[in-house]
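A.B. asks: One file is attached below, start.cif, containing mmCIF, C-alpha atoms.
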data_data
#
loop_
_atom_site.label_atom_id
_atom_site.label_comp_id
_atom_site.auth_asym_id
_atom_site.auth_seq_id
_atom_site.Cartn_x
_atom_site.Cartn_y
_atom_site.Cartn_z
CA MET A 1 -59.84 82.46 -16.96
CA THR A 2 -63.44 81.81 -15.91
CA MET A 3 -65.41 84.89 -14.96
CA GLN A 4 -68.62 84.95 -12.95
CA THR A 5 -70.76 87.21 -10.80
CA ASP A 6 -69.66 87.42 -7.16
CA ASP A 7 -72.53 86.94 -4.71
CA HIS A 8 -70.93 89.53 -2.46
CA GLU A 9 -70.40 92.14 -5.16
CA SER A 10 -72.68 94.14 -7.42
CA PRO A 11 -74.55 91.85 -9.88
CA THR A 12 -73.15 93.89 -12.76
CA ARG A 13 -69.58 93.26 -11.70
CA THR A 14 -67.68 90.17 -12.77
CA ARG A 15 -64.99 88.43 -10.84
CA VAL A 16 -62.16 86.01 -11.41
CA ARG A 17 -63.06 82.50 -10.30
CA PHE A 18 -60.62 81.29 -7.66
CA ASN A 19 -60.02 77.55 -8.01
CA PRO A 20 -56.82 76.37 -6.30
CA PHE A 21 -57.55 72.76 -7.30
CA SER A 22 -57.41 73.31 -11.08
CA ALA A 23 -54.56 71.97 -13.22
CA GLU A 24 -54.08 75.45 -14.68
CA PHE A 25 -53.57 76.94 -11.23
CA ARG A 26 -51.08 74.20 -10.31
CA ARG A 27 -49.03 74.93 -13.41
CA ASP A 28 -48.89 78.66 -12.78
CA PRO A 29 -50.98 80.42 -10.11
CA TYR A 30 -49.43 83.83 -10.60
CA PRO A 31 -51.61 85.20 -13.46
CA LEU A 32 -54.69 84.46 -11.34
CA TYR A 33 -53.09 86.01 -8.28
CA ARG A 34 -52.41 89.15 -10.31
CA GLN A 35 -56.03 89.39 -11.44
CA LEU A 36 -57.29 88.87 -7.90
CA ARG A 37 -54.98 91.55 -6.47
CA GLU A 38 -56.17 94.02 -9.07
CA ALA A 39 -59.90 93.22 -9.13
CA GLN A 40 -60.83 91.47 -5.88
CA PRO A 41 -57.97 91.61 -3.38
CA VAL A 42 -60.33 90.61 -0.56
CA HIS A 43 -63.29 88.47 -1.56
CA LYS A 44 -65.35 85.62 -0.18
CA THR A 45 -65.50 82.30 -2.00
CA LEU A 46 -65.42 78.59 -1.10
CA GLY A 47 -66.65 79.53 2.37
CA MET A 48 -63.68 81.74 3.24
CA TRP A 49 -62.19 85.16 2.67
CA VAL A 50 -59.31 85.07 0.16
CA ILE A 51 -56.72 87.83 0.51
CA THR A 52 -53.93 88.48 -2.00
CA ARG A 53 -52.31 91.85 -1.24
CA HIS A 54 -49.11 92.00 0.78
CA ARG A 55 -50.34 94.61 3.25
CA ASP A 56 -53.49 92.63 4.04
CA ALA A 57 -51.63 89.32 4.31
CA ARG A 58 -48.97 90.77 6.58
CA GLY A 59 -51.59 92.46 8.71
CA VAL A 60 -53.54 89.24 9.30
CA LEU A 61 -50.39 87.24 10.09
CA HIS A 62 -49.22 89.92 12.50
CA ASP A 63 -52.55 90.32 14.30
CA ARG A 64 -52.83 87.79 17.13
CA SER A 65 -56.60 88.03 17.13
CA PHE A 66 -56.57 85.85 14.01
CA SER A 67 -56.32 82.30 15.33
CA ALA A 68 -54.08 79.59 13.88
CA GLY A 69 -56.07 76.86 15.64
CA LEU A 70 -58.38 75.92 12.76
CA ILE A 71 -56.65 72.68 11.79
CA PRO A 72 -57.19 70.79 15.09
CA ARG A 73 -60.89 71.63 14.88
CA LEU A 74 -61.11 70.37 11.30
CA VAL A 75 -59.29 67.17 12.26
CA GLY A 76 -61.89 66.58 14.98
CA GLU A 77 -64.71 67.19 12.51
CA GLN A 78 -63.22 64.72 10.03
CA ALA A 79 -62.88 62.13 12.79
CA GLY A 80 -66.58 62.47 13.49
CA ARG A 81 -67.50 62.10 9.82
CA PHE A 82 -65.44 58.93 9.50
CA GLY A 83 -66.63 57.44 12.77
CA GLN A 84 -63.10 57.51 14.18
CA HIS A 85 -63.13 57.58 17.97
CA ASP A 86 -59.58 56.79 19.14
CA VAL A 87 -57.99 60.04 17.96
CA THR A 88 -56.77 61.53 21.23
CA ARG A 89 -53.12 61.42 20.15
CA ILE A 90 -53.59 63.39 16.92
CA GLU A 91 -55.95 65.80 18.68
CA ARG A 92 -53.22 66.49 21.24
CA LEU A 93 -50.67 66.79 18.41
CA GLY A 94 -52.83 69.53 16.93
CA ARG A 95 -53.37 71.32 20.22
CA LYS A 96 -49.70 71.15 21.22
CA SER A 97 -48.00 71.91 17.89
CA LEU A 98 -46.46 75.34 17.45
CA VAL A 99 -48.00 75.58 13.99
CA PHE A 100 -51.55 75.39 15.37
CA THR A 101 -51.42 76.90 18.86
CA ASP A 102 -52.42 80.35 20.01
CA ASN A 103 -51.31 82.18 23.15
CA PRO A 104 -50.75 81.42 25.96
CA ASP A 105 -49.79 77.88 24.86
CA HIS A 106 -47.88 79.14 21.84
CA ALA A 107 -45.79 81.62 23.84
CA ARG A 108 -44.86 78.95 26.37
CA LEU A 109 -43.87 76.33 23.78
CA ARG A 110 -42.08 78.82 21.55
CA GLY A 111 -40.14 80.20 24.51
CA LEU A 112 -38.77 76.73 25.25
CA VAL A 113 -38.07 75.64 21.68
CA ASN A 114 -36.47 78.96 20.73
CA ARG A 115 -33.73 78.24 23.26
CA VAL A 116 -32.57 75.42 20.99
CA PHE A 117 -33.46 76.67 17.48
CA THR A 118 -31.08 79.63 17.58
CA ALA A 119 -29.39 81.24 14.60
CA ARG A 120 -26.03 80.10 15.97
CA ALA A 121 -27.20 76.49 16.35
CA VAL A 122 -28.43 76.43 12.75
CA ALA A 123 -25.24 78.04 11.42
CA ASP A 124 -23.22 75.36 13.20
CA LEU A 125 -25.07 72.74 11.13
CA ARG A 126 -23.47 73.87 7.86
CA PRO A 127 -20.82 71.10 7.84
CA LEU A 128 -23.52 68.51 8.54
CA VAL A 129 -25.70 69.85 5.70
CA ALA A 130 -22.71 69.96 3.35
CA ARG A 131 -21.82 66.33 4.10
CA ALA A 132 -25.40 65.23 3.49
CA ALA A 133 -25.58 67.16 0.21
CA GLU A 134 -22.25 65.83 -1.02
CA ASN A 135 -23.27 62.25 -0.24
CA LEU A 136 -26.42 62.74 -2.30
CA MET A 137 -24.60 64.50 -5.15
CA ARG A 138 -21.72 62.07 -5.54
CA PRO A 139 -23.72 59.46 -7.52
CA ALA A 140 -25.13 62.27 -9.67
CA TRP A 141 -21.67 63.49 -10.64
CA ASP A 142 -20.72 59.94 -11.65
CA ALA A 143 -23.95 59.51 -13.64
CA GLY A 144 -23.86 62.98 -15.21
CA GLY A 145 -27.27 63.97 -13.89
CA LEU A 146 -30.00 63.52 -11.30
CA ASP A 147 -33.61 64.17 -10.49
CA VAL A 148 -33.33 67.26 -8.31
CA ILE A 149 -36.50 66.37 -6.41
CA THR A 150 -36.15 62.64 -5.69
CA ASP A 151 -32.34 62.48 -5.52
CA LEU A 152 -31.55 65.68 -3.63
CA ALA A 153 -34.40 67.92 -2.46
CA ALA A 154 -36.54 65.20 -0.86
CA PRO A 155 -33.86 63.16 0.98
CA LEU A 156 -31.75 66.13 2.13
CA PRO A 157 -34.03 67.51 4.91
CA VAL A 158 -34.73 63.99 6.21
CA ALA A 159 -31.00 63.25 6.32
CA VAL A 160 -30.18 66.56 8.03
CA LEU A 161 -32.91 66.37 10.67
CA GLY A 162 -32.23 62.68 11.25
CA GLU A 163 -28.55 63.32 11.93
CA TRP A 164 -29.22 66.44 14.03
CA MET A 165 -31.60 64.41 16.18
CA GLY A 166 -29.15 61.51 16.28
CA LEU A 167 -31.69 59.00 14.94
CA SER A 168 -30.58 55.52 13.95
CA ALA A 169 -30.25 54.61 10.28
CA ASP A 170 -33.22 52.27 10.60
CA LEU A 171 -35.45 54.97 12.06
CA ARG A 172 -34.36 57.50 9.44
CA GLU A 173 -35.55 55.15 6.70
CA ARG A 174 -39.03 55.07 8.24
CA VAL A 175 -39.24 58.79 8.97
CA GLY A 176 -39.64 59.82 5.31
CA PRO A 177 -42.77 57.75 4.60
CA TRP A 178 -44.22 58.58 8.03
CA THR A 179 -43.74 62.29 7.37
CA HIS A 180 -45.47 62.08 4.00
CA ASP A 181 -48.50 60.47 5.65
CA ILE A 182 -48.71 62.80 8.65
CA ARG A 183 -48.60 65.92 6.47
CA PHE A 184 -52.26 65.15 5.64
CA LEU A 185 -53.02 66.73 9.02
CA LEU A 186 -52.12 70.12 7.52
CA GLU A 187 -55.05 69.74 5.09
CA PRO A 188 -57.58 67.50 6.86
CA GLY A 189 -60.30 68.28 4.32
CA LEU A 190 -58.34 66.30 1.71
CA MET A 191 -58.30 63.12 3.81
CA LYS A 192 -60.44 60.12 3.00
CA SER A 193 -61.42 57.60 5.66
CA GLU A 194 -58.50 55.30 4.85
CA ASP A 195 -56.09 58.25 4.97
CA PHE A 196 -57.36 59.19 8.42
CA THR A 197 -56.93 55.65 9.71
CA ARG A 198 -53.38 55.48 8.33
CA VAL A 199 -52.39 58.87 9.78
CA CYS A 200 -53.64 57.88 13.24
CA ALA A 201 -51.59 54.68 13.11
CA VAL A 202 -48.48 56.44 11.81
CA VAL A 203 -48.59 59.12 14.52
CA GLU A 204 -48.70 56.36 17.14
CA GLN A 205 -45.75 54.54 15.53
CA PHE A 206 -43.70 57.73 15.19
CA ALA A 207 -44.43 58.78 18.78
CA ALA A 208 -43.54 55.33 20.14
CA ALA A 209 -40.23 55.27 18.25
CA LEU A 210 -39.29 58.74 19.51
CA ALA A 211 -40.24 57.80 23.08
CA VAL A 212 -37.53 55.14 22.96
CA VAL A 213 -35.02 57.73 21.71
CA LEU A 214 -36.01 60.15 24.50
CA ALA A 215 -35.40 57.50 27.13
CA GLU A 216 -31.94 56.82 25.69
CA ARG A 217 -31.01 60.53 25.59
CA ARG A 218 -32.23 61.11 29.10
CA SER A 219 -29.79 58.48 30.36
CA ARG A 220 -27.00 59.41 27.91
CA PRO A 221 -27.42 63.02 26.75
CA GLY A 222 -25.33 64.35 23.90
CA ALA A 223 -25.08 67.42 21.66
CA ASP A 224 -27.98 66.37 19.40
CA LEU A 225 -31.26 68.27 19.02
CA ILE A 226 -33.31 65.92 21.21
CA SER A 227 -30.81 66.14 24.07
CA ARG A 228 -30.89 69.92 23.84
CA LEU A 229 -34.68 69.99 23.85
CA LEU A 230 -34.68 67.76 26.94
CA ALA A 231 -32.36 70.24 28.66
CA ALA A 232 -34.27 73.37 27.60
CA ARG A 233 -35.70 75.29 30.56
CA THR A 234 -37.20 78.70 31.10
CA THR A 235 -35.91 80.96 33.86
CA GLY A 236 -38.85 79.71 35.92
CA GLY A 237 -37.79 76.09 35.50
CA ASP A 238 -40.50 75.09 32.99
CA THR A 239 -39.62 72.26 30.59
CA LEU A 240 -41.23 70.42 27.72
CA SER A 241 -43.14 67.29 28.65
CA ASP A 242 -42.05 64.12 26.87
CA GLU A 243 -45.09 64.20 24.61
CA GLU A 244 -44.60 67.89 23.81
CA LEU A 245 -40.99 67.18 22.87
CA ILE A 246 -42.06 64.24 20.69
CA PHE A 247 -44.59 66.49 18.95
CA VAL A 248 -41.89 69.11 18.32
CA CYS A 249 -39.72 66.46 16.63
CA ILE A 250 -42.59 65.10 14.55
CA MET A 251 -43.58 68.58 13.36
CA CYS A 252 -39.96 69.41 12.50
CA PHE A 253 -40.21 66.72 9.86
CA VAL A 254 -43.81 67.41 8.83
CA ALA A 255 -43.46 71.19 8.53
CA GLY A 256 -39.88 71.21 7.26
CA ASN A 257 -39.59 68.32 4.82
CA GLU A 258 -42.14 69.19 2.13
CA THR A 259 -41.44 72.92 2.20
CA THR A 260 -37.65 72.55 2.04
CA LYS A 261 -37.97 70.04 -0.79
CA SER A 262 -40.18 72.43 -2.74
CA LEU A 263 -37.96 75.43 -2.00
CA ILE A 264 -34.98 73.64 -3.53
CA GLY A 265 -36.96 72.32 -6.50
CA ASN A 266 -38.74 75.62 -7.26
CA GLY A 267 -35.47 77.53 -6.90
CA VAL A 268 -33.57 75.26 -9.29
CA LEU A 269 -36.42 75.49 -11.80
CA ALA A 270 -36.30 79.29 -11.63
CA LEU A 271 -32.52 79.21 -12.18
CA LEU A 272 -32.92 76.89 -15.17
CA ARG A 273 -35.54 79.19 -16.67
CA HIS A 274 -33.29 82.22 -16.09
CA PRO A 275 -29.86 81.03 -17.25
CA ASP A 276 -28.31 84.46 -16.74
CA GLN A 277 -29.08 84.15 -13.03
CA GLY A 278 -27.62 80.63 -13.02
CA THR A 279 -24.44 82.02 -14.53
CA LEU A 280 -24.33 84.70 -11.83
CA LEU A 281 -24.76 82.06 -9.15
CA ARG A 282 -21.98 79.93 -10.64
CA SER A 283 -19.46 82.73 -11.10
CA GLN A 284 -19.59 84.58 -7.79
CA PRO A 285 -19.07 83.39 -4.21
CA LYS A 286 -22.11 84.92 -2.46
CA PRO A 287 -25.19 84.71 -4.71
CA ALA A 288 -26.27 81.30 -3.36
CA ARG A 289 -27.75 83.11 -0.37
CA ALA A 290 -29.39 85.68 -2.65
CA ALA A 291 -30.78 82.86 -4.81
CA VAL A 292 -32.49 81.32 -1.80
CA ILE A 293 -34.10 84.59 -0.72
CA GLU A 294 -35.28 85.34 -4.24
CA ALA A 295 -36.60 81.78 -4.71
CA LEU A 296 -38.63 82.15 -1.53
CA ARG A 297 -40.20 85.34 -2.85
CA TYR A 298 -40.56 84.35 -6.49
CA ASP A 299 -42.12 80.89 -6.09
CA CYS A 300 -42.62 80.14 -2.40
CA PRO A 301 -43.24 76.53 -1.39
CA LEU A 302 -46.06 77.30 1.06
CA GLN A 303 -48.51 79.22 -1.09
CA MET A 304 -51.34 79.63 1.41
CA THR A 305 -52.13 79.50 5.10
CA LYS A 306 -55.38 79.80 7.01
CA ARG A 307 -56.50 81.87 9.96
CA VAL A 308 -59.82 82.33 11.78
CA ALA A 309 -61.09 85.74 12.90
CA THR A 310 -61.87 85.80 16.62
CA ARG A 311 -63.54 89.22 16.46
CA ASP A 312 -65.44 91.37 13.98
CA CYS A 313 -63.01 93.47 11.95
CA GLU A 314 -62.30 94.93 8.54
CA ILE A 315 -59.78 93.85 5.90
CA GLY A 316 -59.37 95.86 2.71
CA GLY A 317 -62.75 97.51 3.16
CA LYS A 318 -64.61 94.22 3.75
CA ARG A 319 -66.40 93.45 6.99
CA ILE A 320 -65.08 90.22 8.52
CA SER A 321 -67.14 88.50 11.21
CA ALA A 322 -65.83 86.55 14.18
CA GLY A 323 -65.55 82.92 13.14
CA ASP A 324 -64.85 83.66 9.47
CA GLN A 325 -62.00 81.74 7.84
CA ILE A 326 -59.23 83.71 6.09
CA LEU A 327 -57.11 82.17 3.33
CA VAL A 328 -53.86 84.15 3.20
CA CYS A 329 -52.30 83.77 -0.27
CA LEU A 330 -48.59 84.09 0.50
CA GLY A 331 -47.61 83.45 -3.12
CA ALA A 332 -49.76 86.37 -4.26
CA ALA A 333 -48.42 88.68 -1.55
CA ASN A 334 -44.85 87.90 -2.60
CA ARG A 335 -45.57 89.14 -6.13
CA ASP A 336 -47.34 92.34 -5.05
CA PRO A 337 -45.95 95.26 -7.12
CA ALA A 338 -46.79 97.63 -4.27
CA VAL A 339 -43.90 96.04 -2.35
CA PHE A 340 -41.64 94.43 -4.96
CA ASP A 341 -40.37 96.17 -8.08
CA ARG A 342 -40.71 94.00 -11.22
CA PRO A 343 -42.31 91.25 -9.09
CA ASP A 344 -42.60 88.69 -11.90
CA GLU A 345 -38.86 88.80 -12.64
CA PHE A 346 -36.41 86.40 -10.98
CA ASP A 347 -33.45 88.59 -10.04
CA LEU A 348 -30.63 87.61 -7.67
CA THR A 349 -29.45 91.22 -7.47
CA ARG A 350 -32.79 92.37 -6.06
CA ALA A 351 -32.57 94.19 -2.73
CA PRO A 352 -33.90 91.97 0.08
CA GLY A 353 -37.59 92.61 0.69
CA ASP A 354 -40.27 91.66 3.15
CA HIS A 355 -41.33 88.34 1.64
CA LEU A 356 -43.89 86.28 3.54
CA ALA A 357 -42.75 82.81 2.47
CA PHE A 358 -42.14 81.85 6.11
CA GLY A 359 -45.20 83.66 7.40
CA HIS A 360 -44.90 86.58 9.77
CA GLY A 361 -45.42 87.42 13.42
CA MET A 362 -45.55 84.92 16.22
CA HIS A 363 -46.20 82.01 13.83
CA GLY A 364 -43.22 82.83 11.63
CA CYS A 365 -41.60 79.55 10.58
CA LEU A 366 -39.39 78.13 13.34
CA GLY A 367 -37.29 76.21 10.82
CA GLY A 368 -36.91 78.98 8.27
CA LEU A 369 -33.18 79.44 8.85
CA LEU A 370 -32.57 75.70 8.50
CA ALA A 371 -34.57 75.56 5.25
CA GLU A 372 -32.56 78.48 3.89
CA LEU A 373 -29.28 76.82 4.85
CA GLN A 374 -30.19 73.55 3.14
CA ALA A 375 -31.32 75.32 -0.04
CA GLU A 376 -28.17 77.45 -0.07
CA VAL A 377 -25.94 74.38 0.20
CA ALA A 378 -27.99 72.52 -2.43
CA PHE A 379 -27.70 75.43 -4.90
CA ASP A 380 -23.99 75.67 -4.17
CA TYR A 381 -23.37 71.98 -4.87
CA LEU A 382 -25.44 72.03 -8.03
CA TYR A 383 -24.03 75.22 -9.52
CA ARG A 384 -20.59 75.77 -8.01
CA HIS A 385 -19.39 72.17 -7.68
CA SER A 386 -20.48 71.17 -11.19
CA GLN A 387 -19.37 72.52 -14.54
CA GLY A 388 -22.92 73.07 -15.72
CA VAL A 389 -26.59 72.35 -14.99
CA ALA A 390 -29.13 71.88 -17.76
CA SER A 391 -32.74 70.75 -17.75
CA SER A 392 -33.67 67.47 -19.38
CA ASP A 393 -36.51 67.18 -21.85
CA GLY A 394 -39.98 66.46 -20.56
CA GLU A 395 -43.11 68.20 -19.33
CA LEU A 396 -43.11 69.42 -15.76
CA GLU A 397 -45.45 67.65 -13.36
CA TRP A 398 -46.54 69.50 -10.23
CA GLN A 399 -47.48 67.60 -7.07
CA ASP A 400 -51.20 67.18 -6.50
CA HIS A 401 -51.38 65.82 -2.94
CA SER A 402 -51.55 69.32 -1.46
CA PHE A 403 -53.11 72.58 -2.54
CA ILE A 404 -51.25 74.77 -0.04
CA VAL A 405 -47.75 73.56 -1.04
CA ARG A 406 -46.40 74.24 -4.52
CA GLY A 407 -43.69 71.87 -5.70
CA LEU A 408 -42.60 69.56 -8.49
CA LYS A 409 -42.84 65.78 -8.54
CA HIS A 410 -39.69 65.50 -10.64
CA LEU A 411 -37.00 67.78 -12.07
CA PRO A 412 -34.40 65.82 -14.07
CA VAL A 413 -31.22 67.71 -14.95
CA THR A 414 -27.87 66.91 -16.54
CA LEU A 415 -24.62 67.90 -14.87
CA GLY A 416 -21.16 68.70 -16.09
CA SER A 417 -18.11 67.22 -14.41
CA VAL A 418 -17.10 68.13 -10.85
CA ARG A 419 -15.27 71.45 -10.65
#
Now, as a test, write the supplied structure out as C-alpha cells.
C.D. replies:
Amino acid sequence: MTMQTDDHESPTRTRVRFNPFSAEFRRDPYPLYRQLREAQPVHKTLGMWVITRHRDARGVLHDRSFSAGLIPRLVGEQAGRFGQHDVTRIERLGRKSLVFTDNPDHARLRGLVNRVFTARAVADLRPLVARAAENLMRPAWDAGGLDVITDLAAPLPVAVLGEWMGLSADLRERVGPWTHDIRFLLEPGLMKSEDFTRVCAVVEQFAAALAVVLAERRSRPGADLISRLLAARTTGGDTLSDEELIFVCIMCFVAGNETTKSLIGNGVLALLRHPDQGTLLRSQPKPARAAVIEALRYDCPLQMTKRVATRDCEIGGKRISAGDQILVCLGAANRDPAVFDRPDEFDLTRAPGDHLAFGHGMHGCLGGLLAELQAEVAFDYLYRHSQGVASSDGELEWQDHSFIVRGLKHLPVTLGSVR
C-alpha cells in the first residue's frame, strides 16, 4: 500500500494513500479501510474529509447540520462546464429527490412518501417478489446454472418495481437502461459531456412516460404504488405534485436497482466463499434473513456517501469548517471492531448489529426493507430451492462505472436440480 506524508499531519508521520479509483481498492477495499481506521480515521485528502470509524460515520449521518444537498450543486457545476443550459428538469430532480434534500423539504416529502412505503406494504409484496424470482430462476434450473448478476440480481428489482407500479411490459423494458444512465447523477464528477447530454434526454423521456401513467391512474386508480402515491395526503391535506411523484418513481429505480443488485451479488459471493454458511442457509428455515443482514454489514453495496458541513465543528479531534465535504465510508464503518466482534468474518449466527449499509438518521434508505426482501427471496431460491450452488471458474470482475457502489459485473454459478 502506498505511503506518503499527509499535508495535514506532522511531516515525520506517514499515512496510507486513499485511492478509491484503484483496481486494488475495487478488488478488496477492506485492508485499506482497516489501515485508515487505525492510523488516520479522520483525514483530509482529495479535497474532502474521509471518515472510517463507525462512531464518526453514525454521528455525521445522524446530525442534520451535515447537508445531503451536495449532488444538485455538483450537477449544476458540471452543466456549466459542459455548456449545457437546458437542465431545469434534472436540477429540479436533484432539489426534489429525498436522497438529496434537507429540511424542511425533506420532512415534507418523506412524510408523504412514508405513508405508502410502510413495513406492512413491503411485507405484502413477498408473493410478487417470489413470482419474479421464480420466473428468473426457472431457466437457470433447466440449464443447470446462471449468472447471478445478469440473470437474477439485475432484472429482479426492475421486475418488482415495475409490477408494483403497474407499468406496462414495454415501459419495463425501457426502465432498466434508463435507470443505468440516470444513476450518473449520483456521481456527477464522473460524467463526460456526452454522458450529461444523454442523462438530460433520458430524464425527460422517463418523466414523460410516467406522466402518461399518472394520468391513467388518476382516472382509474388501483392498488399499485403510483395510485397509492397519488392518494397520499398529510393530515393538513398536502399532496405530492405530479412532478414530485414522478421524481419519487424515478429515484425508486435509480437508488434501488444498483444497490439491490449488488447486495444480492455480494451476498452470494460471500456465501460461496464461506461454504459452511451456505450449508447453514440451505439446511435451516430462517437464516435467509440473517444472511441478508450479514451481507449488508460484511460487504455493503453502497460503500460511501457524501455530506457537507454547514457549520464549524469537530470530528474525531479534527476541526471541520463550514462548507467542507465529508466522505462517509460506510463499508469501513461496518467492519469497525469497536462495534462488531470478528468484523472480517462472515457469520450468519452473528447477533444483529448497528450496520450503516442503509445510512442512518433522516436520510436512512427509504427502500431498505424492499431491498432486504428481494435479497432474502433471491438467497432462498438459490440455496433452498436448488440442491447445490457452486461457483464457476473465472476471475471476478468488479464494476467500474461507480466508485461509491461496490458490485460484480458477473458471477456465474452452477446449480443442482430443483429441490
A.B. asks: May I have the residues within 9 Å of Arg297 (chain A) as a list in words, using all atoms listed in the file and disregarding those fewer than 6 positions away in the same chain?
C.D. replies: Gly331, Ala333, Asn334, Arg335, Pro343, Gly353, Asp354, His355, Leu356 and Ala357 of chain A
A.B. asks: Care to translate the PyMOL selection byres ((chain A and resi 158) around 10) into actual residues of this file, as a list in words?
C.D. replies: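 Applying the PyMOL selection byres ((chain A and resi 158) around 10) to the structure shown produces Ala132, Ala153, Ala154, Pro155, Leu156, Pro157, Ala159, Val160, Leu161, Gly162, Glu163, Trp164, Arg172, Glu173, Val175, Gly176, Thr179, Cys252, Phe253, Gly256, Asn257, Glu258, Thr260 and Lys261 of chain A.
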A.B. asks: Keeping C-alpha atoms, export the residues of the selection given above as a PDB file, keeping the file's coordinate frame.
C.D. replies:
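Wrote out_27.pdb, looks like this:
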ATOM      1  CA  ALA A 132     -25.400  65.230   3.490  1.00  0.00           C
ATOM      2  CA  ALA A 153     -34.400  67.920  -2.460  1.00  0.00           C
ATOM      3  CA  ALA A 154     -36.540  65.200  -0.860  1.00  0.00           C
ATOM      4  CA  PRO A 155     -33.860  63.160   0.980  1.00  0.00           C
ATOM      5  CA  LEU A 156     -31.750  66.130   2.130  1.00  0.00           C
ATOM      6  CA  PRO A 157     -34.030  67.510   4.910  1.00  0.00           C
ATOM      7  CA  ALA A 159     -31.000  63.250   6.320  1.00  0.00           C
ATOM      8  CA  VAL A 160     -30.180  66.560   8.030  1.00  0.00           C
ATOM      9  CA  LEU A 161     -32.910  66.370  10.670  1.00  0.00           C
ATOM     10  CA  GLY A 162     -32.230  62.680  11.250  1.00  0.00           C
ATOM     11  CA  GLU A 163     -28.550  63.320  11.930  1.00  0.00           C
ATOM     12  CA  TRP A 164     -29.220  66.440  14.030  1.00  0.00           C
ATOM     13  CA  ARG A 172     -34.360  57.500   9.440  1.00  0.00           C
ATOM     14  CA  GLU A 173     -35.550  55.150   6.700  1.00  0.00           C
ATOM     15  CA  VAL A 175     -39.240  58.790   8.970  1.00  0.00           C
ATOM     16  CA  GLY A 176     -39.640  59.820   5.310  1.00  0.00           C
ATOM     17  CA  THR A 179     -43.740  62.290   7.370  1.00  0.00           C
ATOM     18  CA  CYS A 252     -39.960  69.410  12.500  1.00  0.00           C
ATOM     19  CA  PHE A 253     -40.210  66.720   9.860  1.00  0.00           C
ATOM     20  CA  GLY A 256     -39.880  71.210   7.260  1.00  0.00           C
ATOM     21  CA  ASN A 257     -39.590  68.320   4.820  1.00  0.00           C
ATOM     22  CA  GLU A 258     -42.140  69.190   2.130  1.00  0.00           C
ATOM     23  CA  THR A 260     -37.650  72.550   2.040  1.00  0.00           C
ATOM     24  CA  LYS A 261     -37.970  70.040  -0.790  1.00  0.00           C
TER      25      LYS A 261
END
A.B. asks: Take the PyMOL selection byres ((chain A and resi 309-326) around 12), apply it to the structure above, and return the hits as a count of residues only.
C.D. replies: 44
A.B. asks: Neighbours of region 409-416 of chain A within 12 Å (only C-alpha atoms; same-chain residues fewer than 2 positions away dropped), as a ChimeraX atom specification?
C.D. replies: /A:26,137-154,258,261-262,264-272,381-402,405-407,418-419
A.B. asks: Restricted to C-alpha atoms, what would the selected residues look like written as a compact mmCIF listing (two decimals), in the frame of the given file?
C.D. replies:
# COMPACT_ATOMS: atom_id res chain seq x y z
CA ARG A 26 -51.08 74.20 -10.31
CA MET A 137 -24.60 64.50 -5.15
CA ARG A 138 -21.72 62.07 -5.54
CA PRO A 139 -23.72 59.46 -7.52
CA ALA A 140 -25.13 62.27 -9.67
CA TRP A 141 -21.67 63.49 -10.64
CA ASP A 142 -20.72 59.94 -11.65
CA ALA A 143 -23.95 59.51 -13.64
CA GLY A 144 -23.86 62.98 -15.21
CA GLY A 145 -27.27 63.97 -13.89
CA LEU A 146 -30.00 63.52 -11.30
CA ASP A 147 -33.61 64.17 -10.49
CA VAL A 148 -33.33 67.26 -8.31
CA ILE A 149 -36.50 66.37 -6.41
CA THR A 150 -36.15 62.64 -5.69
CA ASP A 151 -32.34 62.48 -5.52
CA LEU A 152 -31.55 65.68 -3.63
CA ALA A 153 -34.40 67.92 -2.46
CA ALA A 154 -36.54 65.20 -0.86
CA GLU A 258 -42.14 69.19 2.13
CA LYS A 261 -37.97 70.04 -0.79
CA SER A 262 -40.18 72.43 -2.74
CA ILE A 264 -34.98 73.64 -3.53
CA GLY A 265 -36.96 72.32 -6.50
CA ASN A 266 -38.74 75.62 -7.26
CA GLY A 267 -35.47 77.53 -6.90
CA VAL A 268 -33.57 75.26 -9.29
CA LEU A 269 -36.42 75.49 -11.80
CA ALA A 270 -36.30 79.29 -11.63
CA LEU A 271 -32.52 79.21 -12.18
CA LEU A 272 -32.92 76.89 -15.17
CA TYR A 381 -23.37 71.98 -4.87
CA LEU A 382 -25.44 72.03 -8.03
CA TYR A 383 -24.03 75.22 -9.52
CA ARG A 384 -20.59 75.77 -8.01
CA HIS A 385 -19.39 72.17 -7.68
CA SER A 386 -20.48 71.17 -11.19
CA GLN A 387 -19.37 72.52 -14.54
CA GLY A 388 -22.92 73.07 -15.72
CA VAL A 389 -26.59 72.35 -14.99
CA ALA A 390 -29.13 71.88 -17.76
CA SER A 391 -32.74 70.75 -17.75
CA SER A 392 -33.67 67.47 -19.38
CA ASP A 393 -36.51 67.18 -21.85
CA GLY A 394 -39.98 66.46 -20.56
CA GLU A 395 -43.11 68.20 -19.33
CA LEU A 396 -43.11 69.42 -15.76
CA GLU A 397 -45.45 67.65 -13.36
CA TRP A 398 -46.54 69.50 -10.23
CA GLN A 399 -47.48 67.60 -7.07
CA ASP A 400 -51.20 67.18 -6.50
CA HIS A 401 -51.38 65.82 -2.94
CA SER A 402 -51.55 69.32 -1.46
CA VAL A 405 -47.75 73.56 -1.04
CA ARG A 406 -46.40 74.24 -4.52
CA GLY A 407 -43.69 71.87 -5.70
CA VAL A 418 -17.10 68.13 -10.85
CA ARG A 419 -15.27 71.45 -10.65
A.B. asks: On this file, the PyMOL selection byres ((chain A and resi 196-206) around 12) gives some set of residues; write that set as a PyMOL selection string.
C.D. replies: chain A and resi 75-94+171-172+174-195+207-213+243+246-251+253-254
A.B. asks: What does the structure give for the distance between CA of Leu408 (chain A) and CA of Ala255 (chain A), in Å to one decimal?
C.D. replies: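 According to the coordinates, CA of Leu408 (chain A) and CA of Ala255 (chain A) are separated by 17.1 Å.
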A.B. asks: What's the 7 Å shell around region 361-375 of chain A, counting only C-alpha atoms, without same-chain residues fewer than 2 positions away, as a list in words?
C.D. replies: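 So, after excluding close chain neighbours, the residues are Leu61, His62, Val99, Val122, Val129, Gly256, Thr260, Leu263, Ile264, Val292, Phe358, Gly359, Val377, Ala378 and Phe379 of chain A.
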A.B. asks: Using all atoms listed in the file, which of A:Arg115, A:Arg15, A:Arg34, A:Arg228 sits nearest Gly166 (chain A)?
C.D. replies: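 Answer, going by the shortest atom-to-atom distance: A:Arg228.
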